[in-house]
file my_file_22.txt (compact mmCIF, C-alpha atoms)
# COMPACT_ATOMS: atom_id res chain seq x y z
CA MET A 1 56.99 65.15 63.30
CA ASP A 2 57.88 68.84 63.41
CA TRP A 3 59.50 68.79 60.00
CA MET A 4 56.24 67.66 58.42
CA ALA A 5 54.71 71.02 59.36
CA TRP A 6 51.33 69.65 60.35
CA THR A 7 48.29 71.89 60.58
CA TRP A 8 44.86 71.04 61.96
CA PRO A 9 43.03 71.33 58.63
CA THR A 10 45.48 69.04 56.80
CA ALA A 11 45.50 66.57 59.69
CA THR A 12 41.70 66.49 59.58
CA PHE A 13 41.82 66.04 55.80
CA PHE A 14 44.11 63.02 56.05
CA THR A 15 42.14 61.56 58.94
CA VAL A 16 38.98 61.72 56.84
CA ILE A 17 40.71 60.02 53.90
CA ALA A 18 42.22 57.32 56.16
CA THR A 19 38.87 56.74 57.85
CA LEU A 20 37.17 56.39 54.47
CA LEU A 21 39.77 53.85 53.36
CA ILE A 22 39.42 51.83 56.56
CA VAL A 23 35.62 51.93 56.42
CA PHE A 24 35.61 50.75 52.81
CA THR A 25 38.13 48.01 53.56
CA VAL A 26 35.98 46.74 56.40
CA LEU A 27 32.90 46.98 54.19
CA ALA A 28 34.68 45.02 51.47
CA ILE A 29 35.52 42.25 53.93
CA ARG A 30 32.07 42.15 55.53
CA TYR A 31 30.07 42.53 52.35
CA PRO A 32 32.22 41.32 49.43
CA GLU A 33 32.03 43.60 46.42
CA THR A 34 30.30 42.66 43.21
CA PRO A 35 31.52 44.57 40.18
CA ARG A 36 28.88 46.23 38.03
CA VAL A 37 28.80 48.22 34.81
CA GLY A 38 27.39 51.75 35.04
CA ILE A 39 27.07 54.76 32.77
CA LEU A 40 30.81 54.92 32.19
CA ARG A 41 30.52 51.46 30.60
CA ILE A 42 33.34 50.18 32.79
CA GLU A 43 33.24 47.57 35.50
CA THR A 44 33.53 49.19 38.92
CA THR A 45 33.56 47.90 42.47
CA ARG A 46 32.73 49.92 45.56
CA GLY A 47 36.43 50.74 46.00
CA ASP A 48 36.70 51.96 42.41
CA ARG A 49 33.75 54.23 42.95
CA LEU A 50 35.37 55.67 46.08
CA PHE A 51 38.52 56.38 44.07
CA ILE A 52 36.52 58.05 41.28
CA THR A 53 34.70 60.10 43.89
CA LEU A 54 37.85 61.26 45.68
CA LEU A 55 39.76 62.08 42.49
CA GLY A 56 36.75 63.85 41.00
CA SER A 57 36.24 65.80 44.23
CA ALA A 58 39.82 67.07 44.06
CA PHE A 59 39.17 68.43 40.57
CA ILE A 60 35.79 69.87 41.58
CA ASN A 61 37.49 71.75 44.41
CA LEU A 62 40.23 73.04 42.10
CA ALA A 63 37.70 74.08 39.47
CA TRP A 64 35.61 75.88 42.09
CA LEU A 65 38.70 77.68 43.36
CA GLY A 66 39.73 78.67 39.85
CA VAL A 67 36.33 79.60 38.41
CA VAL A 68 34.19 80.78 41.35
CA GLY A 69 37.02 81.68 43.73
CA ALA A 70 34.89 82.26 46.83
CA GLY A 71 32.88 80.16 49.27
CA GLN A 72 35.01 77.05 49.03
CA PRO A 73 32.78 75.03 51.43
CA TYR A 74 30.06 75.09 48.75
CA ALA A 75 32.41 73.08 46.54
CA LEU A 76 32.11 70.31 49.13
CA VAL A 77 28.34 70.33 48.63
CA VAL A 78 28.92 69.82 44.90
CA CYS A 79 31.34 67.01 45.80
CA LEU A 80 28.69 65.31 47.94
CA ILE A 81 26.17 65.46 45.09
CA TYR A 82 28.88 64.14 42.76
CA ALA A 83 29.69 61.32 45.22
CA ALA A 84 26.03 60.32 45.45
CA ALA A 85 25.79 60.30 41.65
CA VAL A 86 28.95 58.20 41.30
CA PHE A 87 27.76 55.62 43.83
CA ARG A 88 24.31 55.50 42.25
CA TRP A 89 25.09 55.43 38.53
CA VAL A 90 28.74 54.64 37.83
CA MET B 1 43.62 20.43 42.58
CA GLU B 2 41.64 23.17 44.23
CA LYS B 3 43.51 26.25 45.29
CA THR B 4 43.29 27.18 48.94
CA VAL B 5 42.42 30.76 49.74
CA ASN B 6 44.87 32.19 52.22
CA GLN B 7 44.63 35.87 53.02
CA LYS B 8 47.78 35.67 55.16
CA ALA B 9 49.78 36.20 51.99
CA TRP B 10 48.89 39.88 52.31
CA PHE B 11 51.40 40.10 55.16
CA LEU B 12 54.13 39.55 52.59
CA VAL B 13 53.18 42.92 51.11
CA LEU B 14 53.98 44.69 54.39
CA PRO B 15 57.65 45.48 53.61
CA VAL B 16 56.61 47.15 50.36
CA LEU B 17 53.91 49.09 52.16
CA LEU B 18 56.45 50.30 54.68
CA LEU B 19 58.85 51.31 51.94
CA VAL B 20 56.16 53.12 49.99
CA ALA B 21 55.02 54.88 53.16
CA PHE B 22 58.48 56.32 53.69
CA SER B 23 59.33 57.01 50.07
CA ALA B 24 55.96 58.28 48.85
CA VAL B 25 53.13 58.65 51.34
CA ILE B 26 54.89 60.64 54.06
CA PRO B 27 56.61 63.00 51.59
CA LEU B 28 53.28 63.49 49.82
CA MET B 29 51.57 64.34 53.09
CA THR B 30 54.34 66.82 53.85
CA VAL B 31 53.83 68.43 50.47
CA VAL B 32 50.12 68.81 51.23
CA ASN B 33 51.05 70.44 54.53
CA TYR B 34 53.44 72.83 52.79
CA SER B 35 50.83 73.77 50.22
CA VAL B 36 48.65 75.55 52.76
CA GLN B 37 51.45 77.38 54.53
CA ASP B 38 54.19 79.91 53.93
CA THR B 39 57.73 79.64 55.21
CA PHE B 40 60.87 81.73 55.26
CA GLY B 41 63.02 78.80 56.29
CA ASN B 42 64.09 77.91 59.81
CA ASN B 43 61.19 75.44 59.93
CA GLN B 44 58.74 78.21 60.77
CA PHE B 45 55.42 78.02 58.98
CA PHE B 46 52.54 80.46 58.63
CA TRP B 47 49.02 79.54 57.64
CA ALA B 48 48.17 80.60 54.09
CA GLY B 49 45.00 78.66 53.43
CA LEU B 50 44.20 78.13 49.77
CA ASP B 51 46.15 81.20 48.62
CA TRP B 52 48.87 79.24 46.88
CA PHE B 53 46.38 77.17 44.96
CA ARG B 54 44.57 80.35 43.93
CA GLU B 55 47.84 81.92 42.87
CA MET B 56 48.94 78.87 40.89
CA LEU B 57 45.58 78.46 39.16
CA SER B 58 45.76 82.03 37.88
CA SER B 59 49.47 81.95 37.07
CA ASP B 60 50.38 82.07 33.39
CA ARG B 61 53.67 80.47 34.27
CA MET B 62 52.05 77.22 35.34
CA TRP B 63 49.57 77.05 32.48
CA ASN B 64 52.32 77.73 29.95
CA ALA B 65 54.52 75.02 31.44
CA LEU B 66 51.55 72.63 31.37
CA GLY B 67 50.91 73.53 27.74
CA ARG B 68 54.53 72.89 26.79
CA GLN B 69 54.48 69.64 28.73
CA LEU B 70 51.34 68.38 26.99
CA ALA B 71 52.78 69.41 23.63
CA PHE B 72 56.00 67.54 24.38
CA SER B 73 54.23 64.35 25.52
CA GLY B 74 51.84 64.55 22.56
CA ILE B 75 54.62 65.00 20.01
CA ILE B 76 56.82 62.20 21.31
CA LEU B 77 53.86 59.79 21.54
CA ALA B 78 52.79 60.69 18.01
CA ILE B 79 56.28 59.86 16.76
CA GLU B 80 57.38 56.99 19.00
CA VAL B 81 54.28 54.81 18.83
CA PRO B 82 53.92 54.57 15.02
CA LEU B 83 57.69 54.43 14.59
CA GLY B 84 58.00 51.71 17.22
CA ILE B 85 55.29 49.63 15.53
CA PHE B 86 56.94 50.17 12.15
CA VAL B 87 60.31 49.00 13.50
CA ALA B 88 58.74 45.97 15.21
CA LEU B 89 56.95 44.95 12.00
CA ASN B 90 60.21 45.03 10.08
CA MET B 91 62.38 43.23 12.59
CA PRO B 92 63.52 39.69 11.75
CA LYS B 93 61.30 37.16 13.51
CA SER B 94 63.96 34.66 14.57
CA GLY B 95 67.61 33.65 14.32
CA PHE B 96 70.86 35.55 14.73
CA TRP B 97 69.62 38.81 13.24
CA ALA B 98 66.62 38.89 15.56
CA SER B 99 68.89 38.57 18.60
CA LEU B 100 71.27 41.19 17.26
CA CYS B 101 68.38 43.58 16.63
CA LEU B 102 67.06 43.05 20.15
CA VAL B 103 70.45 43.78 21.71
CA LEU B 104 71.04 46.86 19.58
CA MET B 105 67.54 48.15 20.27
CA SER B 106 67.86 47.79 24.01
CA LEU B 107 71.15 49.70 24.15
CA PRO B 108 69.63 53.20 24.36
CA LEU B 109 67.31 51.99 27.13
CA LEU B 110 70.28 51.11 29.30
CA ILE B 111 71.85 54.56 29.22
CA PRO B 112 71.11 56.77 32.23
CA TRP B 113 69.09 59.94 31.61
CA ASN B 114 71.84 62.40 32.44
CA VAL B 115 74.25 60.61 30.13
CA VAL B 116 71.70 60.73 27.30
CA GLY B 117 71.34 64.44 27.98
CA THR B 118 75.10 64.97 27.90
CA ILE B 119 75.49 62.94 24.71
CA TRP B 120 72.93 65.07 22.89
CA GLN B 121 74.15 68.28 24.45
CA ILE B 122 77.57 67.67 22.92
CA PHE B 123 76.25 66.02 19.74
CA GLY B 124 74.21 69.11 18.92
CA ARG B 125 76.86 71.73 19.62
CA VAL B 126 77.87 73.77 16.59
CA ASP B 127 81.55 74.05 17.58
CA ILE B 128 82.43 70.46 18.53
CA GLY B 129 79.31 68.31 18.08
CA LEU B 130 79.01 66.05 15.07
CA LEU B 131 75.34 66.90 14.41
CA GLY B 132 75.60 70.62 15.05
CA TYR B 133 78.86 71.00 13.12
CA THR B 134 77.58 69.00 10.13
CA LEU B 135 74.32 70.92 9.94
CA ASP B 136 76.22 74.18 10.23
CA ALA B 137 78.64 73.14 7.49
CA MET B 138 75.67 72.30 5.27
CA GLY B 139 74.38 75.82 5.75
CA VAL B 140 71.44 74.87 7.98
CA SER B 141 71.01 77.35 10.78
CA TYR B 142 70.85 75.22 13.89
CA ASN B 143 71.59 76.40 17.38
CA TYR B 144 69.61 74.84 20.18
CA THR B 145 70.82 77.34 22.74
CA GLN B 146 69.30 80.29 20.89
CA ASP B 147 66.59 79.01 18.61
CA THR B 148 63.34 77.70 20.11
CA LEU B 149 62.53 75.41 17.20
CA ALA B 150 66.03 73.90 17.21
CA ALA B 151 65.82 73.34 20.96
CA TRP B 152 62.49 71.54 20.59
CA ILE B 153 63.71 69.44 17.68
CA THR B 154 66.74 68.46 19.74
CA ILE B 155 64.86 67.34 22.85
CA VAL B 156 62.17 65.57 20.83
CA THR B 157 64.77 63.76 18.71
CA MET B 158 66.65 62.83 21.85
CA ASP B 159 63.56 61.34 23.46
CA VAL B 160 62.66 59.49 20.28
CA TRP B 161 66.20 58.10 20.09
CA HIS B 162 66.10 57.08 23.74
CA TRP B 163 62.66 55.52 23.99
CA THR B 164 61.37 54.34 20.61
CA SER B 165 63.08 51.01 21.25
CA LEU B 166 60.89 50.47 24.29
CA VAL B 167 57.75 50.79 22.16
CA ALA B 168 59.34 48.65 19.45
CA LEU B 169 60.35 45.90 21.87
CA LEU B 170 56.89 45.80 23.44
CA ALA B 171 55.21 45.76 20.03
CA TYR B 172 57.62 43.05 18.92
CA ALA B 173 56.67 40.92 21.94
CA GLY B 174 53.02 41.43 21.03
CA LEU B 175 53.66 40.41 17.43
CA LYS B 176 55.58 37.29 18.44
CA SER B 177 52.64 36.08 20.51
CA ILE B 178 50.31 35.90 17.49
CA PRO B 179 49.83 32.24 16.49
CA ASP B 180 50.75 31.36 12.91
CA ALA B 181 47.21 30.12 12.26
CA TYR B 182 45.97 33.71 12.04
CA TYR B 183 48.40 34.51 9.22
CA GLN B 184 47.53 31.27 7.43
CA ALA B 185 43.84 32.08 7.62
CA ALA B 186 44.56 35.57 6.28
CA LYS B 187 46.55 34.06 3.41
CA ILE B 188 43.67 31.73 2.51
CA ASP B 189 41.34 34.74 2.47
CA GLN B 190 43.89 36.60 0.33
CA ALA B 191 43.97 39.47 2.80
CA SER B 192 46.17 42.41 1.85
CA ARG B 193 49.18 43.42 3.99
CA TRP B 194 47.21 46.37 5.33
CA LYS B 195 44.26 44.18 6.29
CA VAL B 196 46.53 41.71 8.08
CA PHE B 197 47.93 44.63 10.06
CA ARG B 198 44.57 46.25 10.72
CA PHE B 199 42.57 43.16 11.68
CA ILE B 200 45.17 40.75 13.09
CA GLU B 201 48.34 42.45 14.24
CA LEU B 202 46.97 45.70 15.59
CA PRO B 203 44.18 44.17 17.72
CA LYS B 204 46.58 41.54 19.06
CA MET B 205 49.14 44.22 19.93
CA MET B 206 46.57 46.50 21.58
CA GLY B 207 47.35 45.33 25.12
CA VAL B 208 51.10 45.84 24.95
CA LEU B 209 50.66 49.06 23.00
CA MET B 210 48.49 50.48 25.76
CA ILE B 211 51.21 49.61 28.25
CA ALA B 212 53.78 51.26 25.97
CA ILE B 213 51.67 54.41 25.62
CA LEU B 214 51.03 54.56 29.35
CA LEU B 215 54.71 54.12 30.20
CA ARG B 216 55.86 56.64 27.61
CA PHE B 217 53.23 59.15 28.61
CA MET B 218 54.06 58.91 32.30
CA ASP B 219 57.79 59.08 31.70
CA SER B 220 57.59 61.99 29.29
CA PHE B 221 55.15 63.84 31.51
CA MET B 222 57.62 63.68 34.37
CA ILE B 223 60.74 64.18 32.25
CA TYR B 224 63.37 66.33 33.92
CA THR B 225 66.98 65.31 33.51
CA GLU B 226 67.38 65.09 29.74
CA PRO B 227 65.97 68.48 28.69
CA PHE B 228 67.52 70.04 31.77
CA VAL B 229 70.99 68.85 30.78
CA VAL B 230 70.57 69.79 27.11
CA THR B 231 68.80 73.13 27.20
CA GLY B 232 68.40 73.96 30.89
CA GLY B 233 64.83 74.97 30.05
CA GLY B 234 65.92 77.57 27.51
CA PRO B 235 66.14 79.47 25.27
CA GLY B 236 64.14 81.73 27.59
CA ASN B 237 61.44 79.44 28.89
CA ALA B 238 60.90 77.61 25.61
CA THR B 239 61.70 74.14 26.90
CA THR B 240 60.85 74.67 30.57
CA LEU B 241 58.66 71.64 31.10
CA LEU B 242 56.55 71.11 34.21
CA SER B 243 59.12 69.38 36.38
CA ILE B 244 61.88 71.80 35.40
CA ASP B 245 59.64 74.71 36.35
CA LEU B 246 58.68 72.97 39.58
CA VAL B 247 62.30 72.43 40.63
CA LYS B 248 63.12 76.05 39.73
CA MET B 249 60.27 77.20 41.94
CA ALA B 250 60.92 74.87 44.87
CA LEU B 251 64.70 74.75 45.02
CA GLY B 252 65.80 77.77 42.97
CA GLN B 253 63.45 80.31 44.50
CA PHE B 254 62.66 78.33 47.66
CA ASP B 255 58.96 79.08 47.20
CA LEU B 256 57.87 75.95 49.00
CA GLY B 257 54.19 76.86 49.32
CA PRO B 258 53.46 77.64 45.64
CA ALA B 259 55.68 74.74 44.54
CA ALA B 260 53.76 72.37 46.81
CA ALA B 261 50.41 73.58 45.45
CA PHE B 262 51.82 73.24 41.93
CA SER B 263 53.05 69.69 42.54
CA ILE B 264 49.74 68.58 44.02
CA MET B 265 47.94 69.70 40.86
CA TYR B 266 50.65 68.05 38.75
CA PHE B 267 50.14 64.85 40.76
CA LEU B 268 46.37 64.97 40.31
CA VAL B 269 46.69 65.30 36.54
CA ILE B 270 49.06 62.32 36.42
CA LEU B 271 46.76 60.31 38.68
CA LEU B 272 43.75 61.07 36.49
CA ILE B 273 45.47 60.17 33.23
CA SER B 274 46.99 57.00 34.68
CA TRP B 275 43.61 55.94 35.97
CA VAL B 276 42.03 56.49 32.55
CA PHE B 277 44.77 54.44 30.87
CA TYR B 278 44.59 51.72 33.48
CA THR B 279 40.83 51.45 33.16
CA VAL B 280 40.97 51.32 29.38
CA MET B 281 43.71 48.69 29.60
CA THR B 282 41.94 46.37 32.02
CA ASN B 283 38.72 46.68 30.02
CA LEU B 284 40.58 45.76 26.84
CA ASP B 285 42.03 42.74 28.63
CA ARG B 286 38.60 41.65 29.72
CA LYS B 287 37.25 41.96 26.19
CA GLY B 288 40.22 40.01 24.86
CA ALA B 289 39.77 37.21 27.37

call {"tool": "encode", "arguments": {"input": "my_file_22.txt", "output": "structure tokens"}}
result
Amino acid sequence: MDWMAWTWPTATFFTVIATLLIVFTVLAIRYPETPRVGILRIETTRGDRLFITLLGSAFINLAWLGVVGAGQPYALVVCLIYAAAVFRWV
Amino acid sequence: MEKTVNQKAWFLVLPVLLLVAFSAVIPLMTVVNYSVQDTFGNNQFFWAGLDWFREMLSSDRMWNALGRQLAFSGIILAIEVPLGIFVALNMPKSGFWASLCLVLMSLPLLIPWNVVGTIWQIFGRVDIGLLGYTLDAMGVSYNYTQDTLAAWITIVTMDVWHWTSLVALLAYAGLKSIPDAYYQAAKIDQASRWKVFRFIELPKMMGVLMIAILLRFMDSFMIYTEPFVVTGGGPGNATTLLSIDLVKMALGQFDLGPAAAFSIMYFLVILLISWVFYTVMTNLDRKGA
């Protein structure tokens, strides 16, 4: 595993993503998903909304880094608000 | 007969999962690890945090390459899609000539990228290439190694030559699937050729066209070999598209950190655009059904 050059922050990052995927898989098995149409006018399931959240969060972080440039943890706060909005309205 | 639901079939996907893990997931994770560190080789890494991302986001080099890449993808889509539809509309519908057309059209698709690059590299040369020599003899100034416009025309023409048939074949398949009854109804209504195209053929082709656009966009957005063989990214940086720049950075300069940050952003853009296309496509399908 040495060649993969692991660091604690990246390991934590991937653990969080993996945990999210597992949690949502279990949720999907326990409580089967029902697609719904939100403000994007597209049919989304819970998994779709997770994907939109994660992808959007990546861009929010990049935009924060490029535009604000300091206090990166605050970008995560924006991501959380974004996530809540996606799961509520999309 | 009622179908039985058997989730065990998912186990059949395991080999693919394993393969994808080794060919895509693990390398991608490594790239993420590289993107937050600096190295001077020897497998020694130093923590760099988000510095590489910051550097890449403010680097003109990356934005310029992205601009060129978007321009390239936009231009080839704008040419290949209408041209492909036009070719498909004019292809014979059945018989010997239809088969011949299909075979001839699929020929460029079978040629490997580097060979296509070499063909056009030689074809365009002023000293020995048929195209370059002819243009030169006609008094047209054409030199793709020195002139930016000529270089762009060459790589765009090459891509159009290589991939228009894909769009045409997909559009042709879409056209063939339209039942004759639609055309008969249009004839009864005395619909013009344009109206038949606009209200029957185009909507019925929408699904395959979206696939064609998605495929062509993805392929052209990741294009490396062909322009690399023809122009090597030159003259200057005029045809240095994203992947060419990325390889220069990662392997030429061995700047693994910045290259990793660069490729993650590249990946995110591709992921976003693919998702948009996929969503539009599945929604179109649902409306069509």

call {"tool": "residues_around", "arguments": {"input": "my_file_22.txt", "residues": "Gln184 of chain B", "least_positions_apart": "6", "cutoff": "12 Å", "atoms": "all atoms listed in the file", "output": "JSON list (two decimals) with C-alpha atoms, in the frame of the given file"}}
result
[["chain", "number", "residue", "atom", "x", "y", "z"],
["B", 178, "ILE", "CA", 50.31, 35.90, 17.49],
["B", 190, "GLN", "CA", 43.89, 36.60, 0.33],
["B", 191, "ALA", "CA", 43.97, 39.47, 2.80],
["B", 196, "VAL", "CA", 46.53, 41.71, 8.08],
["B", 200, "ILE", "CA", 45.17, 40.75, 13.09]]

call {"tool": "atom_distance", "arguments": {"input": "my_file_22.txt", "atom1": "atom CA of Tyr34 of chain B", "atom2": "atom CA of Ala5 of chain A"}}
result
6.9 Å

call {"tool": "closest_residue", "arguments": {"input": "my_file_22.txt", "among": "B:Gln69, B:Tyr142, B:Ile76, B:Leu18", "to": "Met222 of chain B", "atoms": "only C-alpha atoms"}}
result
B:Gln69

call {"tool": "closest_atom_pairs", "arguments": {"input": "my_file_22.txt", "of": "chain B", "to": "chain A", "cutoff": "6 Å", "atoms": "only C-alpha atoms", "output": "JSON lines"}}
result
{"residue": "B:Thr30", "atom": "CA", "partner": "A:Met4", "partner_atom": "CA", "distance": 5.0}
{"residue": "B:Asn33", "atom": "CA", "partner": "A:Trp6", "partner_atom": "CA", "distance": 5.9}
{"residue": "B:Leu57", "atom": "CA", "partner": "A:Gly66", "partner_atom": "CA", "distance": 5.9}

call {"tool": "atom_distance", "arguments": {"input": "my_file_22.txt", "atom1": "atom CA of Trp163 of chain B", "atom2": "atom CA of Gly233 of chain B"}}
result
20.5 Å

call {"tool": "closest_residue", "arguments": {"input": "my_file_22.txt", "among": "A:Arg88, A:Thr12, A:Leu21, A:Gly38", "to": "Leu50 of chain A", "atoms": "only C-alpha atoms"}}
result
A:Leu21

call {"tool": "closest_residue", "arguments": {"input": "my_file_22.txt", "among": "B:Lys8, B:Arg286, B:Arg125, B:Arg216", "to": "Gly84 of chain B", "atoms": "only C-alpha atoms"}}
result
B:Arg216

call {"tool": "residues_around", "arguments": {"input": "my_file_22.txt", "residues": "Val276 of chain B", "least_positions_apart": "5", "cutoff": "12 Å", "atoms": "only C-alpha atoms", "output": "PDB file with C-alpha atoms, in the frame of the given file"}}
result
ATOM      1  CA  LEU A  40      30.810  54.920  32.190  1.00  0.00           C
ATOM      2  CA  ILE A  42      33.340  50.180  32.790  1.00  0.00           C
ATOM      3  CA  ILE A  52      36.520  58.050  41.280  1.00  0.00           C
ATOM      4  CA  LEU A  55      39.760  62.080  42.490  1.00  0.00           C
TER       5      LEU A  55
ATOM      6  CA  MET B 210      48.490  50.480  25.760  1.00  0.00           C
ATOM      7  CA  LEU B 214      51.030  54.560  29.350  1.00  0.00           C
ATOM      8  CA  VAL B 269      46.690  65.300  36.540  1.00  0.00           C
ATOM      9  CA  ILE B 270      49.060  62.320  36.420  1.00  0.00           C
ATOM     10  CA  LEU B 271      46.760  60.310  38.680  1.00  0.00           C
ATOM     11  CA  MET B 281      43.710  48.690  29.600  1.00  0.00           C
ATOM     12  CA  THR B 282      41.940  46.370  32.020  1.00  0.00           C
ATOM     13  CA  ASN B 283      38.720  46.680  30.020  1.00  0.00           C
TER      14      ASN B 283
END

call {"tool": "residues_around", "arguments": {"input": "my_file_22.txt", "residues": "Ile223 of chain B", "least_positions_apart": "3", "cutoff": "9 Å", "atoms": "only C-alpha atoms", "output": "VMD selection string"}}
result
chain B and resid 218 to 220 226 to 228 241 to 244

call {"tool": "closest_residue", "arguments": {"input": "my_file_22.txt", "among": "A:Ile39, A:Gly47, A:Thr34, A:Val90", "to": "Ile22 of chain A", "atoms": "all atoms listed in the file"}}
result
A:Gly47

call {"tool": "residues_near_point", "arguments": {"input": "my_file_22.txt", "point": "(62.8, 53.3, 23.3)", "cutoff": "10 Å", "atoms": "all atoms listed in the file", "output": "list of chain:residue names"}}
result
B:Glu80, B:Val81, B:Gly84, B:Met105, B:Ser106, B:Leu107, B:Pro108, B:Leu109, B:Leu110, B:Asp159, B:Val160, B:Trp161, B:His162, B:Trp163, B:Thr164, B:Ser165, B:Leu166, B:Val167, B:Ala168, B:Leu169, B:Leu170, B:Ala212, B:Arg216

call {"tool": "residues_around", "arguments": {"input": "my_file_22.txt", "residues": "segment 78-87 of chain A", "least_positions_apart": "4", "cutoff": "7 Å", "atoms": "all atoms listed in the file", "output": "ChimeraX atom specification"}}
result
/A:49,53,57,60,74

call {"tool": "write_last_selection", "arguments": {"input": "my_file_22.txt", "atoms": "C-alpha atoms", "output": "mmCIF file, in the frame of the given file"}}
result
data_model
loop_
_atom_site.group_PDB
_atom_site.id
_atom_site.type_symbol
_atom_site.label_atom_id
_atom_site.label_comp_id
_atom_site.auth_asym_id
_atom_site.auth_seq_id
_atom_site.Cartn_x
_atom_site.Cartn_y
_atom_site.Cartn_z
ATOM 1 C CA ARG A 49 33.750 54.230 42.950
ATOM 2 C CA THR A 53 34.700 60.100 43.890
ATOM 3 C CA SER A 57 36.240 65.800 44.230
ATOM 4 C CA ILE A 60 35.790 69.870 41.580
ATOM 5 C CA TYR A 74 30.060 75.090 48.750
#

call {"tool": "atom_distance", "arguments": {"input": "my_file_22.txt", "atom1": "atom CA of Pro27 of chain B", "atom2": "atom CA of Thr279 of chain B"}}
result
26.9 Å
